[in-house]
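Asks: Dropping in final01.cif, which is mmCIF, C-alpha atoms:
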data_data
loop_
_atom_site.label_atom_id
_atom_site.label_comp_id
_atom_site.auth_asym_id
_atom_site.auth_seq_id
_atom_site.Cartn_x
_atom_site.Cartn_y
_atom_site.Cartn_z
CA MET A 1 84.31 94.96 151.87
CA MET A 2 87.76 94.53 150.39
CA PHE A 3 88.23 92.16 147.45
CA LEU A 4 91.69 90.72 147.04
CA PRO A 5 92.94 89.89 143.52
CA LEU A 6 93.13 86.17 142.90
CA TYR A 7 96.43 84.65 141.77
CA ILE A 8 96.47 81.63 139.49
CA ASP A 9 99.87 80.00 138.99
CA PRO A 10 100.91 79.16 135.39
CA GLY A 11 100.45 75.41 135.84
CA THR A 12 96.92 75.81 137.15
CA GLY A 13 96.16 78.37 134.46
CA SER A 14 97.32 75.96 131.78
CA MET A 15 95.18 73.19 133.25
CA LEU A 16 92.11 75.43 133.45
CA PHE A 17 92.61 76.55 129.86
CA SER A 18 92.88 72.91 128.73
CA ILE A 19 89.63 72.05 130.54
CA LEU A 20 87.86 75.08 129.07
CA ILE A 21 89.06 74.41 125.53
CA GLY A 22 88.18 70.72 125.91
CA ALA A 23 84.63 71.62 126.90
CA ILE A 24 84.26 74.18 124.10
CA THR A 25 85.70 71.74 121.55
CA THR A 26 83.32 68.98 122.62
CA LEU A 27 80.32 71.31 122.38
CA PHE A 28 81.58 72.56 119.00
CA PHE A 29 81.77 69.07 117.48
CA LEU A 30 78.48 67.98 119.04
CA GLY A 31 76.81 71.08 117.63
CA LYS A 32 78.34 70.47 114.22
CA ALA A 33 77.18 66.87 114.16
CA LEU A 34 73.67 67.91 115.24
CA VAL A 35 73.40 70.53 112.47
CA ILE A 36 74.47 67.98 109.84
CA LYS A 37 71.97 65.40 111.14
CA LEU A 38 69.14 67.95 111.11
CA LYS A 39 69.97 68.94 107.53
CA VAL A 40 69.89 65.29 106.47
CA VAL A 41 66.56 64.68 108.28
CA PHE A 42 64.77 67.75 106.87
CA SER A 43 66.05 67.11 103.35
CA GLY A 44 64.80 63.54 103.33
CA GLY A 45 68.36 62.22 103.43
CA LYS A 46 69.39 64.01 100.24
CA VAL A 47 72.02 66.30 101.79
CA SER A 48 75.53 64.90 102.03
CA ALA A 49 77.23 65.34 105.39
CA GLN A 50 80.03 67.51 104.00
CA ASP A 51 82.12 69.80 106.21
CA LYS A 52 82.59 73.09 104.35
CA SER A 53 85.42 74.17 106.67
CA TYR A 54 87.45 71.07 105.75
CA LYS A 55 90.94 71.69 104.37
CA LYS A 56 92.94 68.89 102.78
CA TYR A 57 96.44 70.13 103.63
CA VAL A 58 97.42 72.41 106.52
CA ILE A 59 100.77 73.66 107.79
CA TYR A 60 101.00 75.35 111.19
CA SER A 61 104.01 77.62 111.84
CA GLU A 62 104.00 79.06 115.34
CA ASP A 63 106.71 81.64 114.59
CA LYS A 64 108.24 83.35 111.58
CA ARG A 65 111.63 81.85 112.38
CA TYR A 66 110.32 78.52 111.04
CA TRP A 67 109.73 80.00 107.59
CA THR A 68 112.78 78.26 106.11
CA VAL A 69 111.43 74.92 107.37
CA PHE A 70 108.16 75.27 105.48
CA LYS A 71 109.05 77.35 102.41
CA PRO A 72 110.35 74.41 100.32
CA VAL A 73 107.13 72.49 101.06
CA LEU A 74 104.89 75.43 100.16
CA ASP A 75 106.90 76.03 96.98
CA GLU A 76 106.31 72.42 96.00
CA PHE A 77 102.53 72.65 96.52
CA GLU A 78 102.48 75.89 94.53
CA LYS A 79 104.45 74.28 91.70
CA ARG A 80 102.00 71.37 91.59
CA LYS A 81 98.99 73.75 91.75
CA ILE A 82 97.63 72.02 94.85
CA GLU A 83 95.89 74.19 97.45
CA ILE A 84 97.31 74.25 100.97
CA THR A 85 96.50 76.35 104.04
CA TYR A 86 99.37 77.96 105.96
CA TYR A 87 98.49 79.07 109.49
CA THR A 88 101.06 81.41 111.02
CA GLY A 89 101.39 83.10 114.37
CA THR A 90 102.27 86.54 113.04
CA ASP A 91 101.51 89.05 110.29
CA GLN A 92 105.28 89.48 109.97
CA ASP A 93 105.70 85.98 108.54
CA PRO A 94 107.68 86.05 105.25
CA VAL A 95 104.88 84.05 103.60
CA TYR A 96 103.12 87.38 103.01
CA ASN A 97 106.01 88.51 100.79
CA GLU A 98 105.41 85.60 98.42
CA LYS A 99 103.08 85.77 95.43
CA TYR A 100 101.46 82.40 95.96
CA GLU A 101 98.25 81.44 94.18
CA PHE A 102 97.62 78.04 95.76
CA VAL A 103 99.07 78.72 99.22
CA HIS A 104 96.46 80.38 101.45
CA ALA A 105 98.10 82.10 104.42
CA GLU A 106 96.21 83.14 107.54
CA THR A 107 97.46 84.66 110.79
CA ILE A 108 95.88 82.90 113.77
CA GLY A 109 97.91 84.49 116.57
CA GLU A 110 100.12 82.86 119.17
CA GLY A 111 99.72 80.57 122.16
CA ASN A 112 96.23 79.87 123.43
CA LYS A 113 94.57 81.96 120.71
CA ALA A 114 96.15 79.76 118.03
CA PHE A 115 95.50 76.55 119.92
CA ALA A 116 91.80 77.39 120.30
CA LYS A 117 91.49 77.48 116.50
CA LEU A 118 93.70 74.45 115.85
CA ASN A 119 91.86 72.32 118.40
CA MET A 120 88.67 72.69 116.35
CA LEU A 121 90.32 72.32 112.96
CA SER A 122 88.82 70.18 110.20
CA ALA A 123 91.58 68.89 107.91
CA GLY A 124 93.10 65.93 106.14
CA ILE A 125 96.76 66.21 107.16
CA VAL A 126 98.41 68.81 109.42
CA LEU A 127 102.18 69.38 109.39
CA MET A 128 103.98 71.25 112.18
CA THR A 129 107.28 71.68 114.02
CA THR A 130 105.44 72.26 117.30
CA PRO A 131 105.90 69.33 119.73
CA GLY A 132 103.67 68.35 122.65
CA LEU A 133 100.53 67.53 120.69
CA GLN A 134 97.83 66.25 123.07
CA VAL A 135 100.15 66.98 126.03
CA TYR A 136 99.57 70.67 126.77
CA GLN A 137 97.00 73.07 125.32
CA LEU A 138 97.43 71.91 121.72
CA LYS A 139 95.04 68.98 121.31
CA ARG A 140 94.27 66.58 118.47
CA SER A 141 91.12 67.73 116.70
CA LYS A 142 88.52 65.00 116.12
CA ASN A 143 88.14 66.26 112.57
CA VAL A 144 91.82 65.95 111.58
CA LYS A 145 92.75 62.67 109.93
CA HIS A 146 96.55 62.78 110.34
CA TYR A 147 99.10 64.80 112.32
CA SER A 148 102.71 64.91 111.11
CA HIS A 149 105.75 66.39 112.84
CA ILE A 150 108.74 67.71 110.89
CA PHE A 151 112.11 68.44 112.52
CA HIS A 152 113.59 71.92 112.36
CA SER A 153 117.14 70.80 113.10
CA CYS A 154 119.51 67.91 112.43
CA THR A 155 119.72 66.60 115.95
CA ASP A 156 118.13 64.14 118.38
CA SER A 157 114.51 63.16 117.96
CA THR A 158 114.19 63.03 121.75
CA MET A 159 115.43 66.49 122.72
CA TYR A 160 111.89 67.78 123.20
CA ARG A 161 110.20 68.12 126.56
CA LEU A 162 108.58 64.90 127.81
CA PHE A 163 106.10 63.24 125.43
CA GLY A 164 106.96 65.71 122.67
CA LEU A 165 106.29 63.34 119.76
CA ASP A 166 104.15 60.65 121.40
CA TYR A 167 100.79 61.56 119.87
CA PHE A 168 101.72 62.31 116.28
CA ASP A 169 100.76 59.88 113.52
CA SER A 170 104.05 60.38 111.68
CA VAL A 171 107.44 62.03 112.04
CA LEU A 172 109.42 63.36 109.08
CA MET A 173 113.11 62.95 109.89
CA THR A 174 116.32 64.53 108.60
CA GLY A 175 118.22 61.24 108.88
CA ASP A 176 117.48 57.56 109.53
CA TYR A 177 119.37 57.65 112.85
CA GLN A 178 116.54 59.63 114.48
CA ALA A 179 114.19 56.63 114.29
CA ASP A 180 115.95 54.47 116.91
CA ASP A 181 115.06 56.60 119.94
CA ILE A 182 111.48 57.16 118.75
CA ARG A 183 110.96 53.40 118.46
CA LEU A 184 112.56 52.86 121.88
CA LEU A 185 110.17 55.29 123.57
CA GLU A 186 107.18 53.81 121.75
CA LYS A 187 108.06 50.42 123.17
CA GLN A 188 108.68 51.77 126.69
CA ARG A 189 105.43 53.76 126.73
CA ASP A 190 103.32 51.15 124.96
CA LEU A 191 102.47 53.56 122.13
CA PRO A 192 101.30 52.63 118.63
CA ALA A 193 104.11 52.79 116.07
CA LYS A 194 104.25 56.07 114.18
CA GLU A 195 105.14 56.24 110.52
CA LEU A 196 108.75 57.39 110.31
CA VAL A 197 109.97 58.78 107.00
CA THR A 198 113.34 60.35 106.19
CA VAL A 199 112.82 63.39 103.96
CA GLY A 200 115.99 65.39 104.66
CA CYS A 201 116.25 68.87 106.15
CA THR A 202 114.15 71.57 104.49
CA TYR A 203 115.71 74.55 106.24
CA LEU A 204 119.30 73.45 105.56
CA ASP A 205 118.39 73.09 101.87
CA VAL A 206 117.21 76.73 101.93
CA LEU A 207 120.26 77.98 103.85
CA LYS A 208 122.67 76.11 101.57
CA GLU A 209 121.19 77.84 98.53
CA LYS A 210 121.14 81.27 100.18
CA MET A 211 124.66 80.96 101.53
CA ALA A 212 126.04 80.20 98.07
CA SER A 213 124.71 83.60 96.92
CA ILE A 214 126.49 85.60 99.66
CA PRO A 215 129.66 87.23 98.26
CA GLU A 216 132.98 86.64 99.98
CA GLU A 217 134.11 89.35 102.41
CA GLU A 218 136.70 91.79 101.10
CA ASN A 219 139.72 92.30 103.37
CA HIS A 220 138.51 89.46 105.57
CA GLU A 221 139.77 89.40 109.17
CA PHE A 222 139.94 86.22 111.23
CA THR A 223 136.52 85.98 112.86
CA VAL A 224 135.24 84.01 115.85
CA LEU A 225 131.52 83.36 116.15
CA VAL A 226 130.16 82.82 119.66
CA SER A 227 126.78 81.16 119.17
CA PRO A 228 125.40 79.26 122.16
CA SER A 229 122.13 77.72 123.23
CA TRP A 230 120.12 79.36 126.02
CA GLY A 231 119.55 78.66 129.71
CA LYS A 232 121.65 78.36 132.83
CA SER A 233 123.78 75.55 131.33
CA ALA A 234 124.47 77.44 128.10
CA LEU A 235 127.63 79.31 127.22
CA LEU A 236 126.61 82.94 127.83
CA GLY A 237 124.55 82.18 130.92
CA LEU A 238 127.33 80.08 132.42
CA TYR A 239 130.41 82.13 131.51
CA GLY A 240 129.42 85.48 129.95
CA GLU A 241 132.18 88.02 130.61
CA LYS A 242 134.68 85.29 131.54
CA LEU A 243 134.75 84.22 127.89
CA LEU A 244 133.97 87.47 126.09
CA ASP A 245 136.47 89.69 127.97
CA PRO A 246 139.58 87.78 126.79
CA LEU A 247 138.11 87.40 123.28
CA VAL A 248 137.67 91.17 123.00
CA LYS A 249 141.16 91.81 124.41
CA SER A 250 142.66 89.42 121.84
CA GLY A 251 141.85 91.89 119.06
CA MET A 252 140.22 89.21 116.94
CA LYS A 253 136.92 90.02 115.29
CA VAL A 254 134.12 88.58 117.43
CA ILE A 255 130.46 88.06 116.51
CA VAL A 256 128.03 87.09 119.28
CA ARG A 257 124.79 85.48 118.15
CA PRO A 258 122.52 84.73 121.13
CA HIS A 259 119.88 82.04 120.86
CA PRO A 260 116.50 83.63 119.94
CA GLN A 261 115.03 82.35 123.21
CA SER A 262 117.71 84.23 125.17
CA ARG A 263 116.18 87.52 124.06
CA ILE A 264 112.97 86.43 125.77
CA SER A 265 114.15 84.42 128.78
CA GLU A 266 117.55 86.01 129.48
CA LYS A 267 117.00 89.64 128.53
CA GLU A 268 118.62 90.97 131.72
CA MET A 269 121.82 89.02 131.06
CA LEU A 270 121.98 90.15 127.43
CA ASP A 271 121.32 93.78 128.38
CA ARG A 272 124.23 93.60 130.82
CA LEU A 273 126.58 92.21 128.16
CA HIS A 274 125.43 94.74 125.55
CA GLU A 275 126.22 97.56 127.96
CA ARG A 276 129.61 96.07 128.86
CA TYR A 277 130.79 95.81 125.25
CA LYS A 278 129.06 98.84 123.72
CA ASP A 279 132.43 100.47 122.98
CA ALA A 280 134.25 97.31 121.84
CA LYS A 281 134.99 97.93 118.15
CA ASN A 282 135.87 94.29 117.42
CA LEU A 283 132.69 92.81 118.92
CA SER A 284 129.34 92.86 117.13
CA TRP A 285 125.94 91.30 117.86
CA ASP A 286 123.97 89.27 115.34
CA ASN A 287 120.19 89.37 115.75
CA GLU A 288 119.29 88.53 112.16
CA ARG A 289 116.59 85.92 111.55
CA ASP A 290 118.94 83.89 109.33
CA ASN A 291 122.22 82.75 110.83
CA ILE A 292 123.98 82.26 107.48
CA TYR A 293 125.59 85.71 107.31
CA SER A 294 127.53 85.14 110.53
CA LEU A 295 128.24 81.51 109.63
CA LYS A 296 129.72 82.61 106.31
CA LYS A 297 132.03 85.18 107.96
CA ALA A 298 133.23 82.97 110.80
CA ASP A 299 136.52 81.06 110.64
CA LEU A 300 135.79 79.26 113.90
CA MET A 301 132.75 78.81 116.14
CA ILE A 302 132.64 78.63 119.92
CA SER A 303 129.42 77.05 121.19
CA ASP A 304 127.98 74.51 123.61
CA PHE A 305 125.20 71.96 122.94
CA SER A 306 123.34 74.26 120.55
CA GLY A 307 121.95 72.87 117.28
CA ILE A 308 123.65 75.72 115.40
CA VAL A 309 126.85 73.68 115.69
CA TYR A 310 125.45 71.39 113.00
CA ASP A 311 124.30 74.26 110.79
CA TYR A 312 127.89 75.55 110.86
CA THR A 313 129.52 72.14 110.52
CA PHE A 314 127.32 70.91 107.68
CA LEU A 315 127.12 74.17 105.72
CA CYS A 316 130.64 75.55 106.23
CA ASP A 317 132.80 72.52 107.08
CA LYS A 318 134.89 74.54 109.56
CA PRO A 319 136.13 73.78 113.09
CA VAL A 320 134.01 74.15 116.23
CA MET A 321 135.19 74.64 119.81
CA TYR A 322 132.79 73.82 122.63
CA ALA A 323 133.09 75.11 126.18
CA ASN A 324 130.28 73.11 127.75
CA ALA A 325 128.24 70.22 126.39
CA GLU A 326 126.49 69.28 129.59
CA MET A 327 122.80 69.89 130.19
CA ASP A 328 120.08 68.71 132.55
CA LEU A 329 118.33 65.94 130.61
CA LEU A 330 115.62 65.23 133.18
CA PRO A 331 112.83 67.31 131.52
CA TYR A 332 113.50 65.81 128.06
CA ASP A 333 112.45 62.59 126.35
CA ILE A 334 116.12 61.62 125.94
CA TYR A 335 116.30 61.02 129.71
CA ASP A 336 114.02 57.98 129.38
CA THR A 337 116.29 56.39 126.77
CA GLY A 338 119.11 56.02 129.29
CA HIS A 339 121.87 57.30 127.01
CA GLU A 340 123.52 60.57 126.05
CA PRO A 341 122.07 62.65 123.22
CA TRP A 342 123.40 62.09 119.71
CA ALA A 343 124.20 65.80 119.61
CA VAL A 344 126.52 65.51 122.62
CA THR A 345 128.36 62.33 121.62
CA THR A 346 128.76 63.69 118.09
CA LEU A 347 130.09 67.02 119.35
CA HIS A 348 132.83 65.14 121.21
CA GLU A 349 133.81 63.62 117.85
CA ILE A 350 133.72 66.72 115.62
CA GLY A 351 134.52 69.49 118.12
CA ILE A 352 137.55 70.78 120.00
CA PRO A 353 136.93 71.02 123.77
CA ILE A 354 137.86 74.17 125.67
CA LYS A 355 137.74 74.61 129.46
CA GLU A 356 137.14 77.66 131.62
CA GLU A 357 140.79 77.73 132.67
CA ASP A 358 141.72 78.15 128.99
CA PHE A 359 139.73 81.37 128.60
CA ALA A 360 142.55 83.64 129.85
CA ASN A 361 144.75 82.44 126.96
CA ILE A 362 141.94 82.15 124.44
CA ALA A 363 143.92 83.80 121.61
CA ASP A 364 146.71 81.19 121.88
CA VAL A 365 144.20 78.36 122.23
CA ILE A 366 142.46 79.41 119.03
CA LYS A 367 145.71 79.87 117.12
CA ASN A 368 146.87 76.41 118.17
CA ALA A 369 143.55 74.74 117.38
CA SER A 370 144.20 72.54 114.39
CA ASP A 371 141.58 71.43 111.91
CA SER A 372 142.98 67.96 111.30
CA PRO A 373 142.00 65.60 108.46
CA LYS A 374 140.52 63.36 111.18
CA LEU A 375 138.10 66.10 112.30
CA ALA A 376 137.18 66.89 108.69
CA ALA A 377 136.42 63.20 108.06
CA LYS A 378 134.23 63.04 111.18
CA ARG A 379 132.29 66.11 110.03
CA ALA A 380 131.66 64.51 106.64
CA HIS A 381 130.53 61.28 108.28
CA TYR A 382 127.95 62.89 110.57
CA LYS A 383 126.71 65.22 107.85
CA ALA A 384 125.93 62.18 105.67
CA GLU A 385 124.16 60.56 108.62
CA ALA A 386 122.08 63.55 109.75
CA TRP A 387 121.33 65.43 106.52
CA GLN A 388 120.06 62.96 103.95
CA HIS A 389 118.38 63.72 100.61
CA ILE A 390 120.14 67.08 100.31
CA GLY A 391 118.12 69.47 98.17
CA GLU A 392 115.07 67.17 98.04
CA ALA A 393 113.34 67.73 101.40
CA GLY A 394 110.58 70.02 100.10
CA LYS A 395 109.64 67.59 97.34
CA LEU A 396 109.75 64.51 99.59
CA THR A 397 107.67 66.21 102.29
CA ALA A 398 105.00 67.26 99.78
CA ASP A 399 105.04 63.74 98.32
CA TYR A 400 104.46 62.28 101.77
CA MET A 401 101.59 64.63 102.63
CA ILE A 402 99.78 64.05 99.33
CA ASN A 403 100.30 60.27 99.23
CA THR A 404 99.32 59.83 102.87
CA LEU A 405 96.02 61.64 102.41
CA LYS A 406 95.29 59.62 99.27
CA LYS A 407 95.79 56.40 101.25
CA ILE A 408 93.53 57.62 104.07
CA GLU A 409 90.78 58.63 101.65
CA ALA A 410 91.10 55.37 99.70
CA ALA A 411 90.84 53.32 102.89
CA LYS A 412 87.75 55.25 103.97
#
Before anything else, please render the file you have as structure tokens.

Replies:
Amino acid sequence: MMFLPLYIDPGTGSMLFSILIGAITTLFFLGKALVIKLKVVFSGGKVSAQDKSYKKYVIYSEDKRYWTVFKPVLDEFEKRKIEITYYTGTDQDPVYNEKYEFVHAETIGEGNKAFAKLNMLSAGIVLMTTPGLQVYQLKRSKNVKHYSHIFHSCTDSTMYRLFGLDYFDSVLMTGDYQADDIRLLEKQRDLPAKELVTVGCTYLDVLKEKMASIPEEENHEFTVLVSPSWGKSALLGLYGEKLLDPLVKSGMKVIVRPHPQSRISEKEMLDRLHERYKDAKNLSWDNERDNIYSLKKADLMISDFSGIVYDYTFLCDKPVMYANAEMDLLPYDIYDTGHEPWAVTTLHEIGIPIKEEDFANIADVIKNASDSPKLAAKRAHYKAEAWQHIGEAGKLTADYMINTLKKIEAAK
């Protein structure tokens, strides 16, 4: 008898995993409750129902690239001598280079392996950048009192996949403007109001400090940084050689920094471009974890709808050209708001548009691009709007976590 291998599509696999984890989680909590009840019964009611696995403060970082988001918060807990647990997806996380005493780091793996642990977590407050809580495999644990989401970029609060923030108890924002769309979706979806608090941008605080320590380039040449988002609507996927060929021929120094997700989802395209420009002496690739080294060198950025536009604008105050700011909004929460993303409308204000027909004369277009006082004023305006409490985000985030748990415990 011949047995054929069974195929399970990703959607079905995800659903089956969710059902399995749901069943295991339910049994886990029922078993835990039963053990506690038995202890109380056999001790004559003298044993307190205390959960020894309980952790007051937890941060979950799914990837090492979010280190700069969480480092200021961890530093603040360490300074205050308050214990906090830091769950990370990888042993390569920079947290292991730190000599923390009160920060307890633990690698819990990636994807379903991590979610299996998090779904059975016992904690006071959990902070994460990961969206989609209670939507996909990552579920709310019955033994977690409060879930808080912190943004890892100064952009729209609704540029996550559908229902990205719906089931969090609070959202820590980089600027007050992010609250409007969250409140709109809560009203449309009949959701309870989350606590919305503006704490600033932790990772930009880190990058600002690090960038100030980078020495200026000797014998600096005019440098163009090509730094797009990823996907079929993004710059490299859409144009590729059509843009890079004339840039290389111009003789200007060119740095290409692909989006980290491109190395996973668009490897074939990147391999093709690497091979095409392997002998181009004026083109280099930036695959560093931190983007600040390329940002510091660049005199001008060419991008699309990527959030790196705001890193460059806010940290360097230099001009940006964008070749495409259109994207399919249907899979994202922003679609349900009925308006364009803040990131797109803002880019039209602070950026210089460039079309495909301009690529052939890209050198002249760049030379003629003027950084007017009007553009500089617009950059300053949106920086003040999107990056509030500069230098204070770590402190304000720690304050929020500690004060929130105190309120919960006092109410109980």

Asks: Which residue gives the smallest distance to Arg272 of chain A among A:Asp290, A:Glu241, A:Glu326, A:Asp181, with only C-alpha atoms counted?

Replies: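 Among A:Asp290, A:Glu241, A:Glu326, A:Asp181, it is A:Glu241 that comes nearest to Arg272 of chain A.
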
Asks: Which of these residues is nearest to Ser265 of chain A, using all atoms listed in the file: A:Phe359, A:Phe222, A:Tyr400, A:Trp230?

Replies: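 Of all the options, A:Trp230 lies closest to Ser265 of chain A.
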
Asks: Determine the residue membership of the PyMOL selection byres ((chain A and resi 283) around 8) for the file above and supply it as a PyMOL selection string.

Replies: chain A and resi 248+253-256+277+280-282+284-285

Asks: How many Å lie between atom CA of Asp205 of chain A and atom CA of Gly391 of chain A, rounded to one decimal?

Replies: 5.2 Å

Asks: Rounded to one decimal place, report the atom CA of Thr107 of chain A-atom CA of Val58 of chain A distance in Å.

Replies: 13.0 Å

Asks: Just say which residues the PyMOL selection byres ((chain A and resi 122-135) around 7) picks in this file, as a PDB file with C-alpha atoms, in the coordinates of the input.

Replies:
ATOM      1  CA  SER A  53      85.420  74.170 106.670  1.00  0.00           C
ATOM      2  CA  TYR A  54      87.450  71.070 105.750  1.00  0.00           C
ATOM      3  CA  LYS A  55      90.940  71.690 104.370  1.00  0.00           C
ATOM      4  CA  LYS A  56      92.940  68.890 102.780  1.00  0.00           C
ATOM      5  CA  TYR A  57      96.440  70.130 103.630  1.00  0.00           C
ATOM      6  CA  VAL A  58      97.420  72.410 106.520  1.00  0.00           C
ATOM      7  CA  ILE A  59     100.770  73.660 107.790  1.00  0.00           C
ATOM      8  CA  TYR A  60     101.000  75.350 111.190  1.00  0.00           C
ATOM      9  CA  SER A  61     104.010  77.620 111.840  1.00  0.00           C
ATOM     10  CA  MET A 120      88.670  72.690 116.350  1.00  0.00           C
ATOM     11  CA  LEU A 121      90.320  72.320 112.960  1.00  0.00           C
ATOM     12  CA  TYR A 136      99.570  70.670 126.770  1.00  0.00           C
ATOM     13  CA  GLN A 137      97.000  73.070 125.320  1.00  0.00           C
ATOM     14  CA  LEU A 138      97.430  71.910 121.720  1.00  0.00           C
ATOM     15  CA  LYS A 139      95.040  68.980 121.310  1.00  0.00           C
ATOM     16  CA  ARG A 140      94.270  66.580 118.470  1.00  0.00           C
ATOM     17  CA  ASN A 143      88.140  66.260 112.570  1.00  0.00           C
ATOM     18  CA  VAL A 144      91.820  65.950 111.580  1.00  0.00           C
ATOM     19  CA  LYS A 145      92.750  62.670 109.930  1.00  0.00           C
ATOM     20  CA  HIS A 146      96.550  62.780 110.340  1.00  0.00           C
ATOM     21  CA  TYR A 147      99.100  64.800 112.320  1.00  0.00           C
ATOM     22  CA  SER A 148     102.710  64.910 111.110  1.00  0.00           C
ATOM     23  CA  HIS A 149     105.750  66.390 112.840  1.00  0.00           C
ATOM     24  CA  ILE A 150     108.740  67.710 110.890  1.00  0.00           C
ATOM     25  CA  PHE A 151     112.110  68.440 112.520  1.00  0.00           C
ATOM     26  CA  HIS A 152     113.590  71.920 112.360  1.00  0.00           C
ATOM     27  CA  PHE A 163     106.100  63.240 125.430  1.00  0.00           C
ATOM     28  CA  GLY A 164     106.960  65.710 122.670  1.00  0.00           C
ATOM     29  CA  LEU A 165     106.290  63.340 119.760  1.00  0.00           C
ATOM     30  CA  TYR A 167     100.790  61.560 119.870  1.00  0.00           C
ATOM     31  CA  PHE A 168     101.720  62.310 116.280  1.00  0.00           C
ATOM     32  CA  MET A 401     101.590  64.630 102.630  1.00  0.00           C
ATOM     33  CA  LEU A 405      96.020  61.640 102.410  1.00  0.00           C
TER      34      LEU A 405
END

Asks: For the file shown, what are the residues hit by the PyMOL selection byres ((chain A and resi 177) around 10), laid out as a list of chain:residue names?

Replies: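 Taken on the displayed file, the PyMOL selection byres ((chain A and resi 177) around 10) yields the residues A:Thr155, A:Asp156, A:Ser157, A:Met173, A:Thr174, A:Gly175, A:Asp176, A:Gln178, A:Ala179, A:Asp180, A:Asp181, A:Ile182, A:Thr198, A:Trp342, A:Glu385, A:Ala386.
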
Asks: Would you export the selected residues with C-alpha atoms as a PDB file, in the frame of the given file, please?

Replies:
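Result file follows (selection_24.pdb):
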ATOM      1  CA  THR A 155     119.720  66.600 115.950  1.00  0.00           C
ATOM      2  CA  ASP A 156     118.130  64.140 118.380  1.00  0.00           C
ATOM      3  CA  SER A 157     114.510  63.160 117.960  1.00  0.00           C
ATOM      4  CA  MET A 173     113.110  62.950 109.890  1.00  0.00           C
ATOM      5  CA  THR A 174     116.320  64.530 108.600  1.00  0.00           C
ATOM      6  CA  GLY A 175     118.220  61.240 108.880  1.00  0.00           C
ATOM      7  CA  ASP A 176     117.480  57.560 109.530  1.00  0.00           C
ATOM      8  CA  GLN A 178     116.540  59.630 114.480  1.00  0.00           C
ATOM      9  CA  ALA A 179     114.190  56.630 114.290  1.00  0.00           C
ATOM     10  CA  ASP A 180     115.950  54.470 116.910  1.00  0.00           C
ATOM     11  CA  ASP A 181     115.060  56.600 119.940  1.00  0.00           C
ATOM     12  CA  ILE A 182     111.480  57.160 118.750  1.00  0.00           C
ATOM     13  CA  THR A 198     113.340  60.350 106.190  1.00  0.00           C
ATOM     14  CA  TRP A 342     123.400  62.090 119.710  1.00  0.00           C
ATOM     15  CA  GLU A 385     124.160  60.560 108.620  1.00  0.00           C
ATOM     16  CA  ALA A 386     122.080  63.550 109.750  1.00  0.00           C
TER      17      ALA A 386
END

Asks: Report the distance between atom CA of Leu329 of chain A and atom CA of Pro341 of chain A in Å, rounded to one decimal place.

Replies: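 Between atom CA of Leu329 of chain A and atom CA of Pro341 of chain A the gap works out to 8.9 Å.
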
Asks: Which one is closest to Leu295 of chain A: A:Leu207, A:Ala398, A:Leu74, A:Ile82? Count all atoms listed in the file.

Replies: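 That would be A:Leu207, the residue with the smallest distance to Leu295 of chain A.
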